>>> print(open('model.pdb').read())   # PDB, C-alpha atoms and all ligand atoms
ATOM      1  CA  MET U   1     -32.432 -13.607 -25.414
ATOM      2  CA  PRO U   2     -31.230 -12.237 -28.735
ATOM      3  CA  SER U   3     -28.323  -9.840 -28.583
ATOM      4  CA  GLN U   4     -27.894  -6.938 -30.944
ATOM      5  CA  PRO U   5     -24.699  -5.578 -32.434
ATOM      6  CA  ALA U   6     -22.938  -2.709 -30.699
ATOM      7  CA  GLY U   7     -24.295   0.665 -31.721
ATOM      8  CA  SER U   8     -27.892  -0.392 -32.250
ATOM      9  CA  SER U   9     -30.579   1.731 -30.657
ATOM     10  CA  PRO U  10     -31.786   0.381 -27.326
ATOM     11  CA  SER U  11     -35.247   1.885 -27.723
ATOM     12  CA  GLY U  12     -37.872  -0.804 -28.042
ATOM     13  CA  THR U  13     -35.315  -3.519 -27.475
ATOM     14  CA  VAL U  14     -36.510  -6.562 -25.609
ATOM     15  CA  GLY U  15     -33.717  -8.567 -24.089
ATOM     16  CA  VAL U  16     -30.046  -7.818 -23.724
ATOM     17  CA  TYR U  17     -28.363  -5.002 -25.582
ATOM     18  CA  TRP U  18     -24.601  -4.536 -25.740
ATOM     19  CA  LYS U  19     -22.967  -1.181 -26.239
ATOM     20  CA  SER U  20     -19.345  -1.031 -25.341
ATOM     21  CA  PRO U  21     -18.226  -0.352 -22.649
ATOM     22  CA  LEU U  22     -21.617  -0.434 -20.925
ATOM     23  CA  ILE U  23     -23.991  -3.364 -20.961
ATOM     24  CA  TRP U  24     -27.572  -2.288 -21.293
ATOM     25  CA  GLU U  25     -30.532  -4.323 -20.268
ATOM     26  CA  ALA U  26     -34.144  -3.721 -21.217
ATOM     27  CA  ARG U  27     -36.596  -4.301 -18.423
ATOM     28  CA  ASN U  28     -40.311  -3.496 -18.603
ATOM     29  CA  GLY U  29     -39.711  -1.140 -21.459
ATOM     30  CA  CYS U  30     -37.109   0.971 -19.651
ATOM     31  CA  VAL U  31     -33.416   0.701 -20.317
ATOM     32  CA  LYS U  32     -30.854   1.032 -17.508
ATOM     33  CA  PRO U  33     -27.114   0.473 -17.433
ATOM     34  CA  ARG U  34     -26.553  -2.966 -15.988
ATOM     35  CA  SER U  35     -23.900  -1.557 -13.686
ATOM     36  CA  VAL U  36     -26.596   0.513 -11.962
ATOM     37  CA  ILE U  37     -28.927  -2.479 -11.654
ATOM     38  CA  SER U  38     -26.092  -4.575 -10.305
ATOM     39  CA  ILE U  39     -25.101  -2.050  -7.650
ATOM     40  CA  ALA U  40     -28.701  -1.495  -6.571
ATOM     41  CA  SER U  41     -29.417  -5.190  -6.204
ATOM     42  CA  GLN U  42     -26.183  -5.969  -4.373
ATOM     43  CA  ARG U  43     -25.724  -2.755  -2.433
ATOM     44  CA  GLY U  44     -25.615  -4.410   0.979
ATOM     45  CA  ASP U  45     -22.811  -6.785   0.032
ATOM     46  CA  GLU U  46     -20.776  -4.277  -1.914
ATOM     47  CA  MET U  47     -20.929  -1.578   0.741
ATOM     48  CA  SER U  48     -19.837  -3.974   3.461
ATOM     49  CA  GLU U  49     -16.877  -5.100   1.305
ATOM     50  CA  ARG U  50     -15.593  -1.564   0.822
ATOM     51  CA  LEU U  51     -12.065  -1.113   2.168
ATOM     52  CA  SER U  52     -11.497   1.187   5.135
ATOM     53  CA  TRP U  53      -9.024   4.034   4.598
ATOM     54  CA  ASP U  54      -6.367   2.084   6.488
ATOM     55  CA  GLN U  55      -6.930  -0.988   4.334
ATOM     56  CA  TYR U  56      -6.951   1.189   1.218
ATOM     57  CA  PHE U  57      -3.546   2.707   1.985
ATOM     58  CA  MET U  58      -2.136  -0.647   3.100
ATOM     59  CA  THR U  59      -3.238  -2.256  -0.156
ATOM     60  CA  ILE U  60      -1.441   0.514  -2.052
ATOM     61  CA  THR U  61       1.615  -0.061   0.163
ATOM     62  CA  GLN U  62       1.637  -3.713  -0.854
ATOM     63  CA  GLN U  63       1.721  -2.658  -4.499
ATOM     64  CA  VAL U  64       4.568  -0.220  -3.812
ATOM     65  CA  ALA U  65       6.505  -3.114  -2.248
ATOM     66  CA  GLU U  66       6.275  -5.006  -5.531
ATOM     67  CA  ARG U  67       8.843  -2.517  -6.938
ATOM     68  CA  SER U  68      11.426  -3.669  -4.393
ATOM     69  CA  THR U  69      14.736  -4.837  -5.829
ATOM     70  CA  CYS U  70      16.171  -6.608  -2.764
ATOM     71  CA  THR U  71      15.803 -10.360  -2.906
ATOM     72  CA  ARG U  72      15.689 -10.719   0.903
ATOM     73  CA  ALA U  73      12.293  -9.065   1.354
ATOM     74  CA  LYS U  74       9.828  -6.841  -0.471
ATOM     75  CA  VAL U  75       8.992  -3.859   1.733
ATOM     76  CA  GLY U  76       6.821  -0.874   0.811
ATOM     77  CA  ALA U  77       6.079   2.415   2.593
ATOM     78  CA  VAL U  78       3.494   5.126   1.928
ATOM     79  CA  ILE U  79       3.396   8.418   3.845
ATOM     80  CA  VAL U  80      -0.081   9.894   4.202
ATOM     81  CA  ARG U  81      -1.614  13.004   5.719
ATOM     82  CA  ASP U  82      -5.286  13.994   5.597
ATOM     83  CA  LYS U  83      -5.980  10.989   3.362
ATOM     84  CA  ASN U  84      -3.471  12.234   0.760
ATOM     85  CA  ILE U  85      -0.400  10.295  -0.280
ATOM     86  CA  LEU U  86       2.685  12.490   0.168
ATOM     87  CA  ALA U  87       5.456  10.030  -0.685
ATOM     88  CA  THR U  88       6.159   6.376  -1.387
ATOM     89  CA  GLY U  89       9.223   4.178  -1.067
ATOM     90  CA  TYR U  90      10.412   0.593  -1.367
ATOM     91  CA  ASN U  91      13.655  -1.075  -0.427
ATOM     92  CA  GLY U  92      16.297  -0.983  -3.100
ATOM     93  CA  ALA U  93      19.686   0.388  -4.130
ATOM     94  CA  PRO U  94      20.281   4.154  -4.455
ATOM     95  CA  ALA U  95      19.429   5.617  -7.880
ATOM     96  CA  GLY U  96      22.054   4.650 -10.430
ATOM     97  CA  MET U  97      23.531   1.813  -8.355
ATOM     98  CA  PRO U  98      23.163  -1.846  -9.357
ATOM     99  CA  HIS U  99      20.254  -3.625  -7.726
ATOM    100  CA  CYS U 100      20.282  -6.798  -5.630
ATOM    101  CA  THR U 101      18.077  -8.464  -8.249
ATOM    102  CA  ASP U 102      20.892  -7.880 -10.807
ATOM    103  CA  VAL U 103      24.072  -8.475  -8.792
ATOM    104  CA  GLY U 104      22.892 -10.138  -5.585
ATOM    105  CA  CYS U 105      22.496  -8.849  -2.038
ATOM    106  CA  LEU U 106      25.485  -7.691   0.008
ATOM    107  CA  ILE U 107      24.762  -9.419   3.297
ATOM    108  CA  TYR U 108      26.552  -8.438   6.482
ATOM    109  CA  GLU U 109      26.113  -9.630  10.041
ATOM    110  CA  SER U 110      25.999  -7.494  13.133
ATOM    111  CA  LYS U 111      25.387  -8.005  16.834
ATOM    112  CA  THR U 112      22.619  -6.126  18.618
ATOM    113  CA  PRO U 113      23.128  -4.831  22.221
ATOM    114  CA  ASN U 114      21.189  -7.802  23.591
ATOM    115  CA  GLY U 115      23.513 -10.239  21.829
ATOM    116  CA  ASP U 116      21.345 -11.252  18.878
ATOM    117  CA  THR U 117      23.069 -11.703  15.556
ATOM    118  CA  GLU U 118      21.218 -10.160  12.645
ATOM    119  CA  GLN U 119      21.768 -10.059   8.934
ATOM    120  CA  ASN U 120      21.089  -7.071   6.696
ATOM    121  CA  CYS U 121      21.653  -6.073   3.100
ATOM    122  CA  PHE U 122      24.393  -3.459   2.720
ATOM    123  CA  ARG U 123      23.260  -2.487  -0.783
ATOM    124  CA  THR U 124      19.768  -1.218  -0.100
ATOM    125  CA  ILE U 125      17.985   1.755   1.405
ATOM    126  CA  HIS U 126      14.963   0.774   3.490
ATOM    127  CA  ALA U 127      11.480   1.595   2.191
ATOM    128  CA  GLU U 128      10.731   4.082   4.994
ATOM    129  CA  MET U 129      13.995   5.972   4.344
ATOM    130  CA  ASN U 130      13.246   6.118   0.625
ATOM    131  CA  ALA U 131       9.761   7.519   1.307
ATOM    132  CA  ILE U 132      11.236  10.166   3.637
ATOM    133  CA  ALA U 133      13.897  10.989   1.001
ATOM    134  CA  GLN U 134      11.204  11.383  -1.654
ATOM    135  CA  ALA U 135       9.232  13.755   0.579
ATOM    136  CA  ALA U 136      12.385  15.792   1.252
ATOM    137  CA  LYS U 137      13.270  15.925  -2.439
ATOM    138  CA  ASN U 138       9.813  17.238  -3.312
ATOM    139  CA  GLY U 139       9.475  19.583  -0.348
ATOM    140  CA  ALA U 140       6.500  17.748   1.191
ATOM    141  CA  SER U 141       6.144  18.250   4.940
ATOM    142  CA  ILE U 142       5.356  14.933   6.606
ATOM    143  CA  LYS U 143       5.102  16.289  10.167
ATOM    144  CA  ASP U 144       1.998  14.925  11.920
ATOM    145  CA  GLY U 145       1.487  12.474   9.079
ATOM    146  CA  ALA U 146       1.140   8.715   9.133
ATOM    147  CA  ILE U 147       3.168   6.007   7.449
ATOM    148  CA  TYR U 148       1.898   2.689   6.126
ATOM    149  CA  ILE U 149       4.556  -0.005   5.917
ATOM    150  CA  THR U 150       4.206  -3.631   4.873
ATOM    151  CA  HIS U 151       6.411  -4.572   7.871
ATOM    152  CA  THR U 152       7.141  -2.879  11.193
ATOM    153  CA  PRO U 153      10.195  -0.637  10.836
ATOM    154  CA  CYS U 154      13.666  -1.627  11.929
ATOM    155  CA  ILE U 155      15.051   0.281  14.917
ATOM    156  CA  HIS U 156      17.082   2.604  12.661
ATOM    157  CA  CYS U 157      14.107   3.602  10.521
ATOM    158  CA  LEU U 158      11.930   4.019  13.603
ATOM    159  CA  LYS U 159      14.443   6.448  15.111
ATOM    160  CA  VAL U 160      14.338   8.568  11.946
ATOM    161  CA  LEU U 161      10.537   8.351  11.756
ATOM    162  CA  VAL U 162      10.302   9.685  15.317
ATOM    163  CA  ASN U 163      12.290  12.754  14.287
ATOM    164  CA  THR U 164      10.199  13.416  11.180
ATOM    165  CA  GLY U 165       7.208  14.155  13.381
ATOM    166  CA  ILE U 166       5.235  11.194  12.057
ATOM    167  CA  ARG U 167       3.047   9.973  14.902
ATOM    168  CA  GLU U 168       1.162   6.967  13.556
ATOM    169  CA  ILE U 169       2.715   3.871  11.994
ATOM    170  CA  TYR U 170       0.474   1.269  10.358
ATOM    171  CA  TYR U 171       1.892  -2.120   9.437
ATOM    172  CA  GLU U 172       0.724  -5.462   8.172
ATOM    173  CA  LYS U 173       3.492  -7.851   9.272
ATOM    174  CA  PRO U 174       5.471  -7.678  12.540
ATOM    175  CA  TYR U 175       9.275  -7.725  12.200
ATOM    176  CA  LYS U 176      11.558  -7.833  15.269
ATOM    177  CA  LEU U 177       8.946  -6.026  17.330
ATOM    178  CA  HIS U 178      10.803  -6.684  20.571
ATOM    179  CA  THR U 179      13.662  -4.445  19.417
ATOM    180  CA  LEU U 180      11.311  -1.439  19.266
ATOM    181  CA  GLU U 181       9.828  -1.634  22.746
ATOM    182  CA  GLU U 182      12.099   0.831  24.520
ATOM    183  CA  LEU U 183      11.925   3.455  21.795
ATOM    184  CA  LEU U 184       8.144   3.213  21.647
ATOM    185  CA  ARG U 185       7.934   3.622  25.407
ATOM    186  CA  TYR U 186       9.792   6.949  25.330
ATOM    187  CA  THR U 187       8.211   8.500  22.236
ATOM    188  CA  GLN U 188       4.772   9.584  21.062
ATOM    189  CA  VAL U 189       4.772   7.233  18.054
ATOM    190  CA  HIS U 190       2.096   4.540  17.915
ATOM    191  CA  LEU U 191       2.128   1.245  16.032
ATOM    192  CA  HIS U 192      -1.118  -0.150  14.602
ATOM    193  CA  LYS U 193      -1.590  -3.499  12.904
ATOM    194  CA  ILE U 194      -3.864  -3.483   9.862
ATOM    195  CA  GLU U 195      -5.836  -6.568   8.964
ATOM    196  CA  LEU U 196      -6.578  -6.902   5.273
ATOM    197  CA  PRO U 197      -9.487  -8.926   3.887
ATOM    198  CA  PRO U 198      -8.413 -12.229   2.286
ATOM    199  CA  ARG U 199      -7.475 -11.844  -1.367
TER     200      ARG U 199
HETATM  201 ZN    ZN I   1      19.525  -6.893  -0.994
HETATM  202 ZN    ZN I   2      14.647   0.099   8.334
END
>>> encode(input="model.pdb", output="C-alpha cells")
Amino acid sequence: MPSQPAGSSPSGTVGVYWKSPLIWEARNGCVKPRSVISIASQRGDEMSERLSWDQYFMTITQQVAERSTCTRAKVGAVIVRDKNILATGYNGAPAGMPHCTDVGCLIYESKTPNGDTEQNCFRTIHAEMNAIAQAAKNGASIKDGAIYITHTPCIHCLKVLVNTGIREIYYEKPYKLHTLEELLRYTQVHLHKIELPPR
C-alpha cells in the first residue's frame, strides 16, 4: 500500500497513512488510530497481561534497586499506602559519603546468636532504612502502609519496620528467611512473596 508523507490529509486515503506520533489506517472509508484498532483486536491478550498492583509496585522496586551503589547486592524498597508511593530507598552510602562502587565495600564479619557467621557492608544503609529515612525527612506517615522490597529484610530492618507500623511486606527474593521466624511469630507483620511475569 502506498504511504503518504506526514501531514497529509487522511480523508479519502486508501491504504496506510502516517502522521507522527499516531499511525492512521484507512479501512472501509473510515479512519481510526491504529492504536485503537490494535487494542480492540487484542483486548483479551492485553488485559490478561496487565500487571496486578503488587506486580506493578514490585517492578518499580526493581528499578529503584538499580540505583544501588553497593557492589554486594542491589536492593530496592518502595513504601506504599492506598496505592500511592510514599517513599523509596536503595542500599548505598549516606549522602555525601563515598560509595562502594567508587571505593569498594567495607566488609565485616559477625556471628549471629545461632552461631552463623555473616558478612555485611559497613559503608551502606539498607534500602528499607533509606526509604523510612526519606519518609521521615518529608513528613510522610507510613503507619499502616506496605513496603515492597526486592529481598526479604534483614533482622535489623525488620525490627525497625515493625515499629513504623507497616503491616505488610512484599518481596521478590528470600534472604535469610530463617532468621526472621521468631520476630514474625510475635508481631503483626506479614511477609508475602510476589511472582513477576517473565521479562
Ligand atoms: Zn558495599
Ligand atoms: Zn536490612
>>> residues_near_ligand(input="model.pdb", ligand="ligand ZN 2 (chain I)", cutoff="6 Å", atoms="all atoms listed in the file", output="ChimeraX atom specification")
/U:126,153-154,156-157
>>> resolve_selection(input="model.pdb", expression="the PyMOL selection byres (((not hetatm)) within 6 of (chain I and resi 1))", output="ChimeraX atom specification")
/U:70-72,100,105,121,123-124
>>> closest_residue(input="model.pdb", among="U:Thr101, U:Asn163, U:Thr152, U:Thr61", to="U:Ile132", atoms="only C-alpha atoms")
U:Asn163
>>> atom_distance(input="model.pdb", atom1="atom CA of U:Lys83", atom2="atom CA of U:Phe57")
8.7 Å
>>> closest_atom_pairs(input="model.pdb", of="stretch 119-167 of chain U", to="stretch 183-189 of chain U", cutoff="8 Å", atoms="all atoms listed in the file", output="CSV")
residue,atom,partner,partner_atom,distance
U:Lys159,CA,U:Leu183,CA,7.7
U:Val162,CA,U:Val189,CA,6.6
U:Ile166,CA,U:Val189,CA,7.2
U:Arg167,CA,U:Val189,CA,4.5
>>> resolve_selection(input="model.pdb", expression="the PyMOL selection byres (((chain U and resi 67) around 9) and not hetatm)", output="list in words")
Gln63, Val64, Ala65, Glu66, Ser68, Thr69, Lys74, Val75, Gly76, Gly89, Tyr90, Asn91 and Gly92 of chain U
>>> axis_aligned_box(input="model.pdb", around="stretch 95-101 of chain U", padding_each_side="4 Å", output="JSON")
{"center_x": 20.8, "center_y": -1.4, "center_z": -8.0, "size_x": 13.5, "size_y": 22.1, "size_z": 12.8}
>>> closest_residue(input="model.pdb", among="U:Asp54, U:Glu128, U:Glu49, U:Asp116", to="U:Ala77", atoms="all atoms listed in the file")
U:Glu128
>>> closest_residue(input="model.pdb", among="U:Ile147, U:Ile142, U:Leu180, U:Ile79", to="U:Gly165", atoms="all atoms listed in the file")
U:Ile142
>>> closest_residue(input="model.pdb", among="U:Leu51, U:Ala127, U:Leu191, U:Ala135", to="U:Ala73", atoms="all atoms listed in the file")
U:Ala127
>>> closest_residue(input="model.pdb", among="U:Asn84, U:Asn130, U:Asn114, U:Gln55", to="U:Lys193", atoms="all atoms listed in the file")
U:Gln55
>>> residues_near_point(input="model.pdb", point="(6.8, 14.6, 4.7)", cutoff="9 Å", atoms="all atoms listed in the file", output="ChimeraX atom specification")
/U:79-81,86-87,131-136,138-145,164-166
>>> build_atoms(input="model.pdb", residues="stretch 178-194 of chain U", atoms="N, CA and C atoms", output="PDB file, in the coordinates of the input")
ATOM      1  N   HIS U 178      10.212  -6.829  19.240  1.00  0.00           N
ATOM      2  CA  HIS U 178      10.803  -6.684  20.571  1.00  0.00           C
ATOM      3  C   HIS U 178      11.928  -5.660  20.600  1.00  0.00           C
ATOM      4  N   THR U 179      12.551  -5.405  19.439  1.00  0.00           N
ATOM      5  CA  THR U 179      13.662  -4.445  19.417  1.00  0.00           C
ATOM      6  C   THR U 179      13.164  -2.997  19.487  1.00  0.00           C
ATOM      7  N   LEU U 180      11.864  -2.799  19.321  1.00  0.00           N
ATOM      8  CA  LEU U 180      11.311  -1.439  19.266  1.00  0.00           C
ATOM      9  C   LEU U 180      10.715  -0.982  20.589  1.00  0.00           C
ATOM     10  N   GLU U 181      10.605  -1.904  21.526  1.00  0.00           N
ATOM     11  CA  GLU U 181       9.828  -1.634  22.746  1.00  0.00           C
ATOM     12  C   GLU U 181      10.298  -0.387  23.493  1.00  0.00           C
ATOM     13  N   GLU U 182      11.600  -0.281  23.710  1.00  0.00           N
ATOM     14  CA  GLU U 182      12.099   0.831  24.520  1.00  0.00           C
ATOM     15  C   GLU U 182      11.835   2.172  23.829  1.00  0.00           C
ATOM     16  N   LEU U 183      12.119   2.214  22.547  1.00  0.00           N
ATOM     17  CA  LEU U 183      11.925   3.455  21.795  1.00  0.00           C
ATOM     18  C   LEU U 183      10.449   3.866  21.794  1.00  0.00           C
ATOM     19  N   LEU U 184       9.575   2.905  21.655  1.00  0.00           N
ATOM     20  CA  LEU U 184       8.144   3.213  21.647  1.00  0.00           C
ATOM     21  C   LEU U 184       7.677   3.712  23.010  1.00  0.00           C
ATOM     22  N   ARG U 185       8.333   3.224  24.059  1.00  0.00           N
ATOM     23  CA  ARG U 185       7.934   3.622  25.407  1.00  0.00           C
ATOM     24  C   ARG U 185       8.269   5.094  25.669  1.00  0.00           C
ATOM     25  N   TYR U 186       9.331   5.590  25.043  1.00  0.00           N
ATOM     26  CA  TYR U 186       9.792   6.949  25.330  1.00  0.00           C
ATOM     27  C   TYR U 186       9.289   7.988  24.325  1.00  0.00           C
ATOM     28  N   THR U 187       8.623   7.552  23.281  1.00  0.00           N
ATOM     29  CA  THR U 187       8.211   8.500  22.236  1.00  0.00           C
ATOM     30  C   THR U 187       6.691   8.505  22.083  1.00  0.00           C
ATOM     31  N   GLN U 188       6.211   9.434  21.269  1.00  0.00           N
ATOM     32  CA  GLN U 188       4.772   9.584  21.062  1.00  0.00           C
ATOM     33  C   GLN U 188       4.306   8.868  19.792  1.00  0.00           C
ATOM     34  N   VAL U 189       5.135   7.965  19.276  1.00  0.00           N
ATOM     35  CA  VAL U 189       4.772   7.233  18.054  1.00  0.00           C
ATOM     36  C   VAL U 189       3.982   5.983  18.412  1.00  0.00           C
ATOM     37  N   HIS U 190       2.934   5.712  17.654  1.00  0.00           N
ATOM     38  CA  HIS U 190       2.096   4.540  17.915  1.00  0.00           C
ATOM     39  C   HIS U 190       2.129   3.581  16.734  1.00  0.00           C
ATOM     40  N   LEU U 191       2.173   2.296  17.067  1.00  0.00           N
ATOM     41  CA  LEU U 191       2.128   1.245  16.032  1.00  0.00           C
ATOM     42  C   LEU U 191       0.729   0.655  15.979  1.00  0.00           C
ATOM     43  N   HIS U 192       0.207   0.458  14.763  1.00  0.00           N
ATOM     44  CA  HIS U 192      -1.118  -0.150  14.602  1.00  0.00           C
ATOM     45  C   HIS U 192      -1.020  -1.254  13.554  1.00  0.00           C
ATOM     46  N   LYS U 193      -1.575  -2.395  13.878  1.00  0.00           N
ATOM     47  CA  LYS U 193      -1.590  -3.499  12.904  1.00  0.00           C
ATOM     48  C   LYS U 193      -2.873  -3.405  12.071  1.00  0.00           C
ATOM     49  N   ILE U 194      -2.711  -3.536  10.763  1.00  0.00           N
ATOM     50  CA  ILE U 194      -3.864  -3.483   9.862  1.00  0.00           C
ATOM     51  C   ILE U 194      -4.162  -4.879   9.349  1.00  0.00           C
TER      52      ILE U 194
END
